[in-house]
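One file, start.txt, is given below (compact mmCIF, C-alpha atoms and all ligand atoms).
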```
# COMPACT_ATOMS: atom_id res chain seq x y z
CA MET A 1 -20.25 -35.03 -234.33
CA ASN A 2 -17.48 -34.79 -236.93
CA ALA A 3 -14.72 -35.37 -234.41
CA PRO A 4 -12.11 -37.82 -235.68
CA ASP A 5 -12.07 -41.21 -233.95
CA ARG A 6 -9.70 -41.34 -230.99
CA TYR A 7 -7.95 -44.44 -232.31
CA GLU A 8 -6.70 -42.46 -235.31
CA ARG A 9 -3.87 -41.36 -233.08
CA PHE A 10 -2.34 -44.81 -232.86
CA VAL A 11 -3.84 -47.10 -235.52
CA VAL A 12 -2.11 -46.98 -238.90
CA PRO A 13 -4.82 -46.53 -241.59
CA GLU A 14 -5.14 -49.23 -244.22
CA GLY A 15 -2.96 -48.73 -247.27
CA ILE A 16 -0.40 -46.59 -245.44
CA LYS A 17 3.06 -47.91 -244.64
CA LYS A 18 4.24 -47.82 -241.02
CA VAL A 19 7.74 -46.77 -242.07
CA SER A 20 8.66 -45.14 -245.33
CA TYR A 21 12.13 -44.23 -246.44
CA GLU A 22 13.32 -41.42 -248.64
CA ARG A 23 16.87 -40.73 -249.72
CA ASP A 24 18.19 -37.23 -249.78
CA THR A 25 18.64 -36.17 -253.40
CA LYS A 26 21.59 -33.87 -252.76
CA ILE A 27 23.60 -35.42 -249.93
CA MET A 28 25.26 -38.85 -250.03
CA ASN A 29 24.27 -41.17 -247.20
CA ALA A 30 21.48 -38.99 -245.93
CA ALA A 31 17.85 -40.06 -245.69
CA SER A 32 14.55 -39.46 -243.94
CA PHE A 33 12.38 -42.11 -242.35
CA THR A 34 8.72 -41.25 -241.91
CA ILE A 35 7.19 -43.32 -239.12
CA GLU A 36 3.39 -43.32 -238.98
CA ARG A 37 1.50 -43.21 -235.66
CA GLU A 38 4.55 -42.79 -233.46
CA ASP A 39 5.69 -39.90 -231.27
CA HIS A 40 8.47 -38.76 -228.93
CA THR A 41 8.56 -42.16 -227.20
CA ILE A 42 10.10 -43.86 -230.25
CA GLY A 43 11.59 -40.74 -231.86
CA ASN A 44 13.75 -39.78 -228.92
CA ILE A 45 15.17 -43.21 -228.06
CA VAL A 46 16.01 -43.90 -231.71
CA ARG A 47 17.68 -40.52 -232.08
CA MET A 48 19.75 -40.92 -228.91
CA GLN A 49 20.79 -44.43 -229.87
CA LEU A 50 21.87 -43.18 -233.31
CA HIS A 51 24.06 -40.57 -231.59
CA ARG A 52 26.04 -43.41 -230.03
CA ASP A 53 26.99 -44.66 -233.51
CA GLU A 54 30.29 -43.08 -234.54
CA ASN A 55 29.41 -43.40 -238.24
CA VAL A 56 26.34 -41.22 -237.74
CA LEU A 57 27.12 -37.60 -238.60
CA PHE A 58 23.61 -36.35 -237.94
CA ALA A 59 20.50 -37.87 -236.41
CA GLY A 60 17.38 -35.96 -235.48
CA TYR A 61 13.65 -36.42 -235.35
CA LYS A 62 10.67 -34.12 -235.51
CA LEU A 63 6.98 -34.32 -234.84
CA PRO A 64 5.84 -32.02 -237.65
CA HIS A 65 2.48 -31.13 -236.10
CA PRO A 66 0.62 -32.38 -233.02
CA LEU A 67 -2.38 -33.32 -235.15
CA GLN A 68 -0.33 -35.24 -237.73
CA TYR A 69 0.36 -38.51 -235.99
CA LYS A 70 3.79 -39.22 -237.44
CA ILE A 71 7.44 -38.50 -236.85
CA ILE A 72 10.29 -37.92 -239.28
CA VAL A 73 13.74 -39.28 -238.41
CA ARG A 74 16.59 -37.86 -240.44
CA ILE A 75 19.97 -39.61 -240.57
CA HIS A 76 23.24 -38.67 -242.22
CA THR A 77 26.15 -41.12 -242.01
CA THR A 78 29.73 -41.46 -243.17
CA VAL A 79 30.56 -43.63 -246.20
CA GLN A 80 31.41 -46.47 -243.81
CA SER A 81 27.73 -46.87 -243.07
CA SER A 82 24.33 -45.93 -244.49
CA PRO A 83 21.21 -44.40 -242.98
CA MET A 84 19.40 -47.71 -243.34
CA GLN A 85 22.19 -49.66 -241.68
CA ALA A 86 22.46 -47.16 -238.84
CA TYR A 87 18.69 -47.19 -238.36
CA ASN A 88 18.53 -50.98 -238.23
CA GLN A 89 21.49 -51.14 -235.88
CA ALA A 90 19.91 -48.58 -233.53
CA ILE A 91 16.69 -50.58 -233.34
CA ASN A 92 18.56 -53.85 -232.77
CA ASP A 93 20.64 -52.30 -230.01
CA LEU A 94 17.60 -50.80 -228.28
CA ASP A 95 15.80 -54.11 -228.56
CA LYS A 96 18.70 -55.93 -226.91
CA GLU A 97 18.98 -53.25 -224.24
CA LEU A 98 15.33 -53.82 -223.37
CA ASP A 99 15.88 -57.61 -223.24
CA HIS A 100 18.66 -57.01 -220.77
CA LEU A 101 16.53 -54.55 -218.81
CA ARG A 102 13.66 -57.01 -218.58
CA ASN A 103 15.91 -59.78 -217.23
CA ALA A 104 17.55 -57.40 -214.77
CA PHE A 105 14.19 -56.18 -213.50
CA GLU A 106 12.74 -59.68 -213.19
CA ALA A 107 15.82 -60.82 -211.24
CA GLU A 108 15.41 -57.87 -208.89
CA VAL A 109 11.69 -58.59 -208.38
CA ALA A 110 12.54 -62.22 -207.57
CA ARG A 111 15.31 -61.17 -205.19
CA HIS A 112 13.01 -58.68 -203.48
CA SER A 113 10.10 -61.10 -203.08
CA ARG A 114 12.51 -63.63 -201.54
CA ASP A 115 14.22 -61.23 -199.16
CA TYR A 116 11.21 -59.43 -197.76
CA MET Q 1 28.54 -55.29 -243.96
CA ASP Q 2 27.52 -55.55 -240.36
CA GLY Q 3 27.86 -52.55 -238.09
CA ALA Q 4 29.31 -52.49 -234.61
CA SER Q 5 26.93 -52.75 -231.69
CA TYR Q 6 26.42 -49.79 -229.40
CA GLN Q 7 24.20 -51.62 -226.98
CA ARG Q 8 24.04 -50.64 -223.31
CA PHE Q 9 23.55 -52.92 -220.32
CA PRO Q 10 21.49 -50.96 -217.77
CA LYS Q 11 21.50 -51.87 -214.10
CA ILE Q 12 18.39 -52.09 -211.92
CA LYS Q 13 18.06 -51.97 -208.18
CA ILE Q 14 14.66 -52.16 -206.52
CA ARG Q 15 14.54 -50.22 -203.29
CA GLU Q 16 10.97 -50.72 -202.23
CA MET Q 17 8.21 -52.89 -203.61
CA LYS Q 18 4.55 -53.19 -202.69
CA ASP Q 19 1.64 -54.41 -204.79
CA ASP Q 20 0.76 -50.95 -206.06
CA TYR Q 21 4.08 -49.18 -205.58
CA VAL Q 22 7.66 -49.73 -206.64
CA LYS Q 23 10.73 -47.54 -206.26
CA PHE Q 24 13.87 -48.47 -208.16
CA GLU Q 25 17.18 -47.21 -209.46
CA LEU Q 26 17.94 -47.35 -213.17
CA ARG Q 27 21.59 -46.88 -214.10
CA GLU Q 28 23.88 -46.90 -217.10
CA THR Q 29 21.36 -45.72 -219.63
CA ASP Q 30 20.17 -42.27 -220.69
CA ALA Q 31 17.17 -40.01 -220.16
CA SER Q 32 15.59 -41.00 -223.48
CA MET Q 33 15.20 -44.60 -222.29
CA ALA Q 34 13.94 -43.53 -218.85
CA ASN Q 35 11.43 -41.18 -220.45
CA ALA Q 36 10.28 -43.73 -223.02
CA LEU Q 37 9.53 -46.17 -220.21
CA ARG Q 38 7.66 -43.49 -218.28
CA ARG Q 39 5.59 -42.53 -221.30
CA VAL Q 40 4.77 -46.14 -222.15
CA MET Q 41 3.69 -46.90 -218.57
CA LEU Q 42 1.34 -43.92 -218.57
CA VAL Q 43 -0.45 -44.33 -221.88
CA GLU Q 44 0.50 -47.50 -223.73
CA VAL Q 45 0.27 -50.41 -221.31
CA PRO Q 46 -3.17 -51.93 -221.92
CA THR Q 47 -5.81 -52.50 -219.24
CA ILE Q 48 -9.49 -53.42 -219.23
CA ALA Q 49 -12.27 -50.90 -218.61
CA ILE Q 50 -15.98 -50.66 -219.26
CA ASP Q 51 -16.49 -49.24 -222.74
CA LEU Q 52 -20.14 -49.88 -223.59
CA VAL Q 53 -23.21 -49.68 -221.36
CA GLU Q 54 -26.76 -50.73 -222.17
CA ILE Q 55 -29.17 -49.33 -219.61
CA GLU Q 56 -32.36 -51.35 -219.10
CA VAL Q 57 -33.85 -49.38 -216.24
CA ASN Q 58 -32.56 -46.22 -214.65
CA SER Q 59 -34.82 -44.34 -212.29
CA SER Q 60 -31.95 -42.96 -210.21
CA VAL Q 61 -31.16 -39.26 -209.91
CA LEU Q 62 -28.18 -39.58 -212.28
CA ASN Q 63 -28.77 -39.68 -216.02
CA ASP Q 64 -27.70 -42.62 -218.20
CA GLU Q 65 -24.53 -41.09 -219.64
CA PHE Q 66 -23.41 -39.87 -216.23
CA ILE Q 67 -23.63 -43.42 -214.88
CA SER Q 68 -21.96 -44.85 -217.99
CA HIS Q 69 -19.06 -42.45 -217.53
CA ARG Q 70 -18.69 -43.44 -213.87
CA LEU Q 71 -18.70 -47.13 -214.80
CA GLY Q 72 -15.93 -46.53 -217.33
CA LEU Q 73 -13.70 -45.08 -214.63
CA ILE Q 74 -13.96 -48.08 -212.30
CA PRO Q 75 -10.61 -49.91 -212.22
CA LEU Q 76 -10.90 -53.57 -213.23
CA THR Q 77 -8.21 -56.18 -212.53
CA SER Q 78 -6.29 -56.42 -215.80
CA GLU Q 79 -3.68 -59.20 -215.60
CA ARG Q 80 -5.42 -60.64 -218.66
CA ALA Q 81 -5.10 -57.48 -220.75
CA MET Q 82 -1.68 -58.22 -222.27
CA ASN Q 83 -3.00 -61.44 -223.82
CA MET Q 84 -6.40 -60.11 -224.81
CA ARG Q 85 -7.34 -58.76 -228.24
CA PHE Q 86 -8.29 -55.20 -229.04
CA SER Q 87 -11.91 -55.27 -230.25
CA ARG Q 88 -10.94 -53.39 -233.39
CA ASP Q 89 -8.58 -56.18 -234.52
CA CYS Q 90 -10.63 -59.09 -233.24
CA ASP Q 91 -11.68 -61.37 -236.09
CA ALA Q 92 -13.74 -63.67 -233.88
CA CYS Q 93 -16.55 -61.15 -233.55
CA ASP Q 94 -15.98 -59.08 -236.69
CA GLY Q 95 -15.56 -55.74 -234.99
CA ASP Q 96 -18.65 -56.21 -232.87
CA GLY Q 97 -16.42 -56.22 -229.80
CA GLN Q 98 -18.57 -58.56 -227.76
CA CYS Q 99 -16.82 -61.95 -227.93
CA GLU Q 100 -14.83 -63.76 -225.23
CA PHE Q 101 -11.47 -62.91 -226.84
CA CYS Q 102 -11.91 -59.16 -226.70
CA SER Q 103 -14.53 -58.35 -224.07
CA VAL Q 104 -15.91 -59.11 -220.63
CA GLU Q 105 -19.59 -58.75 -219.81
CA PHE Q 106 -20.92 -57.21 -216.61
CA HIS Q 107 -24.40 -57.02 -215.17
CA LEU Q 108 -25.74 -54.74 -212.51
CA ARG Q 109 -29.14 -55.00 -210.85
CA ALA Q 110 -30.06 -52.89 -207.87
CA LYS Q 111 -33.36 -51.69 -206.45
CA CYS Q 112 -33.98 -49.89 -203.20
CA MET Q 113 -36.86 -51.42 -201.25
CA THR Q 114 -36.44 -49.68 -197.90
CA ASP Q 115 -36.41 -46.17 -196.47
CA GLN Q 116 -32.68 -46.51 -195.98
CA THR Q 117 -30.66 -45.06 -198.92
CA LEU Q 118 -29.07 -47.83 -200.97
CA ASP Q 119 -25.47 -47.37 -202.12
CA VAL Q 120 -24.84 -48.97 -205.50
CA THR Q 121 -21.11 -49.69 -205.67
CA SER Q 122 -18.51 -51.41 -207.84
CA LYS Q 123 -19.17 -54.57 -205.79
CA ASP Q 124 -22.64 -54.80 -207.32
CA LEU Q 125 -21.10 -55.33 -210.76
CA ILE Q 126 -21.34 -59.02 -211.61
CA SER Q 127 -18.59 -60.13 -213.98
CA SER Q 128 -18.75 -62.95 -216.51
CA ASP Q 129 -15.00 -63.54 -215.98
CA HIS Q 130 -13.71 -64.06 -212.45
CA THR Q 131 -10.25 -62.74 -213.42
CA VAL Q 132 -11.70 -59.39 -214.47
CA VAL Q 133 -13.46 -57.81 -211.51
CA PRO Q 134 -13.57 -54.36 -209.89
CA VAL Q 135 -10.39 -53.75 -207.89
CA ASP Q 136 -10.80 -54.43 -204.20
CA PHE Q 137 -9.02 -51.76 -202.21
CA SER Q 138 -10.26 -52.79 -198.79
CA ASP Q 139 -7.60 -55.23 -197.54
CA SER Q 140 -4.45 -53.67 -198.97
CA ALA Q 141 -5.08 -50.15 -197.71
CA GLY Q 142 -5.69 -51.33 -194.16
CA PHE Q 143 -9.17 -49.89 -193.87
CA ASP Q 144 -11.82 -51.68 -191.91
CA SER Q 145 -12.73 -54.26 -194.52
CA SER Q 146 -16.27 -54.75 -193.25
CA GLU Q 147 -17.01 -51.05 -193.81
CA GLN Q 148 -15.36 -50.70 -197.20
CA ARG Q 149 -17.91 -51.50 -199.88
CA GLY Q 150 -16.20 -50.61 -203.14
CA ILE Q 151 -16.59 -47.49 -205.27
CA ILE Q 152 -19.96 -45.78 -205.10
CA ILE Q 153 -21.67 -45.49 -208.48
CA VAL Q 154 -25.01 -43.99 -207.44
CA LYS Q 155 -27.32 -43.79 -204.41
CA LEU Q 156 -30.94 -44.97 -204.66
CA ARG Q 157 -33.96 -44.03 -202.52
CA ARG Q 158 -37.07 -46.14 -202.02
CA GLY Q 159 -38.51 -47.34 -205.31
CA GLN Q 160 -35.58 -46.29 -207.48
CA GLU Q 161 -33.92 -48.93 -209.63
CA LEU Q 162 -30.83 -49.42 -211.78
CA ARG Q 163 -30.46 -52.30 -214.19
CA LEU Q 164 -27.82 -52.47 -216.89
CA ARG Q 165 -25.45 -54.55 -218.98
CA ALA Q 166 -21.89 -53.34 -219.53
CA ILE Q 167 -19.10 -54.48 -221.86
CA ALA Q 168 -15.50 -54.04 -220.74
CA ARG Q 169 -12.78 -53.95 -223.38
CA LYS Q 170 -9.04 -53.77 -223.66
CA GLY Q 171 -7.65 -50.30 -224.31
CA ILE Q 172 -4.76 -47.92 -223.69
CA GLY Q 173 -4.44 -44.58 -221.90
CA LYS Q 174 -3.75 -42.82 -225.20
CA ASP Q 175 -7.31 -43.62 -226.23
CA HIS Q 176 -8.93 -42.63 -222.93
CA ALA Q 177 -7.40 -42.03 -219.50
CA LYS Q 178 -9.71 -44.64 -217.95
CA TRP Q 179 -7.42 -47.29 -219.47
CA SER Q 180 -4.25 -45.90 -217.89
CA PRO Q 181 -2.78 -48.38 -215.36
CA ALA Q 182 -0.54 -45.73 -213.79
CA ALA Q 183 -1.48 -43.37 -210.99
CA THR Q 184 1.96 -41.72 -211.06
CA VAL Q 185 5.22 -42.49 -212.77
CA THR Q 186 8.14 -40.20 -212.04
CA PHE Q 187 11.88 -40.31 -212.39
CA MET Q 188 14.59 -37.96 -211.20
CA TYR Q 189 18.29 -37.67 -211.87
CA GLU Q 190 20.30 -38.83 -208.91
CA PRO Q 191 22.08 -35.71 -207.62
CA GLU Q 192 25.75 -35.69 -206.74
CA ILE Q 193 26.50 -33.12 -204.05
CA LEU Q 194 30.06 -32.08 -203.33
CA ILE Q 195 30.95 -29.79 -200.44
CA ASN Q 196 34.02 -27.60 -200.75
CA GLU Q 197 35.37 -28.44 -197.28
CA ASP Q 198 37.99 -25.66 -197.17
CA LEU Q 199 35.41 -23.01 -198.01
CA MET Q 200 32.89 -24.58 -195.62
CA GLU Q 201 35.38 -24.40 -192.74
CA SER Q 202 35.73 -20.66 -193.33
CA LEU Q 203 32.08 -20.27 -192.23
CA THR Q 204 31.02 -19.54 -188.66
CA LEU Q 205 28.61 -21.95 -186.98
CA ASP Q 206 25.72 -19.50 -187.44
CA GLU Q 207 26.54 -19.13 -191.12
CA LYS Q 208 26.61 -22.91 -191.47
CA ARG Q 209 23.21 -23.13 -189.77
CA SER Q 210 21.64 -20.57 -192.04
CA PHE Q 211 23.17 -22.31 -195.05
CA VAL Q 212 21.75 -25.70 -193.99
CA GLU Q 213 18.35 -24.14 -193.30
CA SER Q 214 18.22 -22.39 -196.68
CA SER Q 215 17.36 -25.68 -198.32
CA PRO Q 216 13.57 -26.22 -198.40
CA THR Q 217 14.14 -29.97 -198.04
CA LYS Q 218 16.49 -31.56 -195.53
CA VAL Q 219 19.57 -32.23 -197.64
CA PHE Q 220 22.35 -31.11 -195.27
CA ASP Q 221 22.94 -31.38 -191.55
CA ILE Q 222 25.51 -30.21 -189.02
CA ASN Q 223 27.38 -32.70 -186.88
CA PRO Q 224 26.64 -31.53 -183.31
CA HIS Q 225 30.19 -32.38 -182.11
CA THR Q 226 32.51 -31.49 -184.95
CA HIS Q 227 30.23 -28.78 -186.42
CA GLN Q 228 30.94 -30.23 -189.83
CA VAL Q 229 28.32 -29.81 -192.57
CA THR Q 230 27.44 -33.12 -194.18
CA VAL Q 231 25.03 -34.34 -196.85
CA VAL Q 232 22.38 -36.44 -195.09
CA ASP Q 233 20.02 -37.05 -197.98
CA ALA Q 234 21.18 -36.09 -201.46
CA GLU Q 235 17.94 -37.34 -203.03
CA ALA Q 236 15.86 -34.95 -200.95
CA TYR Q 237 17.30 -32.22 -203.17
CA THR Q 238 14.64 -31.01 -205.60
CA TYR Q 239 16.96 -29.04 -207.92
CA ASP Q 240 15.52 -25.83 -206.44
CA GLU Q 241 19.01 -24.22 -206.31
CA GLU Q 242 18.16 -22.44 -203.05
CA VAL Q 243 21.42 -23.49 -201.38
CA LEU Q 244 23.40 -22.27 -204.40
CA LYS Q 245 21.69 -18.86 -204.19
CA LYS Q 246 22.39 -18.82 -200.46
CA ALA Q 247 26.08 -19.57 -200.99
CA GLU Q 248 26.19 -16.82 -203.59
CA SER Q 249 24.56 -14.29 -201.23
CA MET Q 250 27.02 -15.24 -198.47
CA GLY Q 251 29.84 -14.36 -200.83
CA LYS Q 252 30.92 -18.00 -201.04
CA PRO Q 253 30.16 -19.18 -204.58
CA GLY Q 254 31.29 -22.75 -205.11
CA LEU Q 255 30.60 -23.70 -201.50
CA VAL Q 256 28.70 -26.69 -202.78
CA GLU Q 257 28.62 -28.16 -206.24
CA ILE Q 258 25.51 -30.06 -207.30
CA CYS Q 259 25.31 -31.97 -210.54
CA PRO Q 260 22.79 -34.48 -211.75
CA LYS Q 261 24.30 -37.86 -212.66
CA GLU Q 262 23.11 -38.11 -216.23
CA ASP Q 263 23.01 -41.88 -216.39
CA SER Q 264 21.32 -42.61 -213.05
CA PHE Q 265 17.61 -42.34 -212.38
CA ILE Q 266 15.35 -42.95 -209.44
CA PHE Q 267 11.92 -44.13 -210.52
CA THR Q 268 8.72 -44.22 -208.52
CA VAL Q 269 5.83 -46.12 -210.06
CA GLU Q 270 2.38 -46.18 -208.53
CA SER Q 271 -0.31 -48.30 -210.15
CA THR Q 272 -4.06 -47.73 -209.92
CA GLY Q 273 -4.40 -51.28 -208.62
CA VAL Q 274 -5.42 -52.94 -211.90
CA ILE Q 275 -2.02 -54.65 -212.16
CA LYS Q 276 0.94 -54.84 -209.79
CA ALA Q 277 3.37 -51.95 -210.07
CA SER Q 278 6.25 -54.34 -210.82
CA GLN Q 279 4.17 -55.96 -213.56
CA LEU Q 280 3.46 -52.52 -214.97
CA VAL Q 281 7.18 -51.93 -215.45
CA LEU Q 282 7.65 -55.33 -217.10
CA ASN Q 283 4.65 -54.78 -219.38
CA ALA Q 284 6.03 -51.37 -220.35
CA ILE Q 285 9.31 -52.99 -221.39
CA ASP Q 286 7.43 -55.56 -223.49
CA ILE Q 287 5.26 -52.91 -225.11
CA LEU Q 288 8.28 -50.76 -225.94
CA LYS Q 289 9.94 -53.79 -227.52
CA ARG Q 290 6.82 -54.42 -229.61
CA LYS Q 291 6.77 -50.79 -230.68
CA LEU Q 292 10.40 -50.97 -231.79
CA ASP Q 293 9.64 -54.15 -233.70
CA ALA Q 294 6.82 -52.39 -235.51
CA VAL Q 295 9.09 -49.61 -236.77
CA ARG Q 296 11.59 -51.93 -238.42
CA LEU Q 297 11.93 -51.37 -242.15
CA SER Q 298 9.82 -53.74 -244.21
CA GLU Q 299 11.42 -56.04 -246.82
CA ASP Q 300 9.86 -54.19 -249.77
CA THR Q 301 11.20 -50.85 -248.56
CA VAL Q 302 14.71 -52.29 -248.40
CA GLU Q 303 14.38 -53.94 -251.83
CA ALA Q 304 13.03 -50.79 -253.46
CA ASP Q 305 16.02 -48.89 -252.15
CA ASP Q 306 18.48 -51.55 -253.29
CA GLN Q 307 17.27 -51.17 -256.89
CA PHE Q 308 17.17 -47.42 -256.68
CA GLY Q 309 20.54 -47.14 -255.08
CA GLU Q 310 22.85 -49.38 -257.13
CA LEU Q 311 25.16 -46.46 -257.68
CA GLY Q 312 24.98 -45.34 -254.07
CA ALA Q 313 25.72 -48.84 -252.84
CA HIS Q 314 28.68 -49.03 -255.19
CA MET Q 315 30.02 -45.72 -253.91
CA ARG Q 316 29.60 -46.86 -250.31
CA GLY Q 317 31.67 -49.91 -251.16
CA GLY Q 318 28.81 -52.22 -250.20
ZN ZN X 401 -13.99 -60.07 -230.37
```

When written as structure tokens, how does the structure in this file appear?
Ligand SMILES: [Zn+2]
Amino acid sequence: MNAPDRYERFVVPEGIKKVSYERDTKIMNAASFTIEREDHTIGNIVRMQLHRDENVLFAGYKLPHPLQYKIIVRIHTTVQSSPMQAYNQAINDLDKELDHLRNAFEAEVARHSRDY
Amino acid sequence: MDGASYQRFPKIKIREMKDDYVKFELRETDASMANALRRVMLVEVPTIAIDLVEIEVNSSVLNDEFISHRLGLIPLTSERAMNMRFSRDCDACDGDGQCEFCSVEFHLRAKCMTDQTLDVTSKDLISSDHTVVPVDFSDSAGFDSSEQRGIIIVKLRRGQELRLRAIARKGIGKDHAKWSPAATVTFMYEPEILINEDLMESLTLDEKRSFVESSPTKVFDINPHTHQVTVVDAEAYTYDEEVLKKAESMGKPGLVEICPKEDSFIFTVESTGVIKASQLVLNAIDILKRKLDAVRLSEDTVEADDQFGELGAHMRGG
């Protein structure tokens, strides 16, 4: 009867930001991004993409609790970059990778439907 | 200050493709991307399923909620789902979830008038939208199509009746598994199997045979003429390590070396029939793109940080 609605797992409540950003107070070029209503799907690809960036000294994510529907991505970069820049770059690169993947898959589907 | 791009350009090769099944190779990317696609296909690609049932008459042996649950699980053709609205963000019907943009209406009327038991099936559901109908499994599976009469909902005896109205809505598997378009989605690392030929030649034919037979799946074989052990099907290997244990116990560690290629994956995708398996993969890519778009930093977050971080920006040389 008092069970929370199922959609609470993936719908961002009104008045809450999807992504919030918080600088580290002690370390230069380190910050945490709190992403609401996301899980390992986004957390892991963003983390792995950040690892490809040579200006990223540390990138990790955590799902603090299975009943808190958010992830925290933490990034530490060199002075050549910034956590925000690295984060944006990672998302842009993943986005372009998926564009490429979509075209490649469509071409293969077309090739296959023609050949068989 | 614009950063360098670290984008990848993955390769795809489809091996086998049927309406509800596709097997393909994904190369030059990493496990995080493969797993994200798998997870999105399972629980985030939207489909249409019955979500609300109003029962007018039910004198069958099954109670109302039992029948409602069964109706929810019936797969409905969902090509439309990607362009449909979720009822909760539909402004045309104000959250009522019963307008043409976010729902499809179904009616079912069945009454048994004879002594013969009447099967009420998914084919008795009358849809208000001809593009959203119960999935027809009869022709594709190769069953006798005259026999196949859809998915049984309930059986009625003489005098029993079922009459209802049902509303189907767009949803995702994360909400309820009835909305999942995927029957199975799996991927495996492509294995690379190297045989140490010198060490292998030091084995007798019987030893070779017992080595080949130690694998639970048929990965290796012996050439009947040259008695050489070869890899016949590397992908049959299930990472069970049985052959490695066997080599160890024979006192020949390093006889074979097996390593997963960490940038090559073999995917199998099986759909429930609500959309084509190939479409499922494409939809998953689109959904993942949308998700990434949603986690971009908003303008105000960036501005707030710019003001806060004058000093930091100065120190970064930006
Ligand atoms: Zn609506």

Top pick for closest residue to chain Q, considering A:Arg6, A:Ile16, A:His51, A:Lys70 and counting all atoms listed in the file: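 Answer, going by the shortest atom-to-atom distance: A:Arg6.
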
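Selecting chain A residues within 6 Å of chain Q and counting all atoms listed in the file yields Arg6, Thr41, Asn44, Ile45, Val79, Asp93, Asp95 and Glu97 of chain A.
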
Distance filter 6 Å around ligand ZN 401 (chain X), atoms: only C-alpha atoms and all ligand atoms, out as number ranges by chain: Q: 87, 90, 92-93, 97-99, 101-102

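Note that atom CA of Ser202 of chain Q and atom CA of Lys218 of chain Q are 22.2 Å apart.
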
Contacts of Ile50 of chain Q within 6 Å, all atoms listed in the file, excl. fewer than 2 positions in-chain, as a tab-separated table (two decimals) with C-alpha atoms, in the coordinates of the input:
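Ended up saving to selection19.tsv:
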```tsv
chain	number	residue	atom	x	y	z
Q	72	GLY	CA	-15.93	-46.53	-217.33
Q	167	ILE	CA	-19.10	-54.48	-221.86
Q	168	ALA	CA	-15.50	-54.04	-220.74
```

Two-atom distance - atom CA of Pro75 of chain Q, atom CA of Asp89 of chain Q (Å):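 Pair atom CA of Pro75 of chain Q / atom CA of Asp89 of chain Q returns 23.3 Å.
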
Gap from atom CA of Leu108 of chain Q to atom CA of Pro181 of chain Q - Å, one decimal: 24.0 Å

Contact residues around Lys17 of chain A with only C-alpha atoms at 10 Å, ignoring same-chain residues under 3 positions, as number ranges by chain: A: 12-14, 20-21, 34-36; Q: 297-298, 301

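Omitting Met188 of chain Q and its sequence neighbours fewer than 2 positions away, and counting all atoms listed in the file, the residues within 12 Å are Lys23, Phe24, Glu25, Leu26, Arg27, Asp30, Ala31, Ala34, Asn35, Arg38, Val185, Thr186, Glu190, Pro191, Ala234, Glu235, Ala236, Tyr237, Thr238, Tyr239, Pro260, Lys261, Glu262, Asp263, Ser264, Phe265, Ile266, Phe267 and Thr268 of chain Q.
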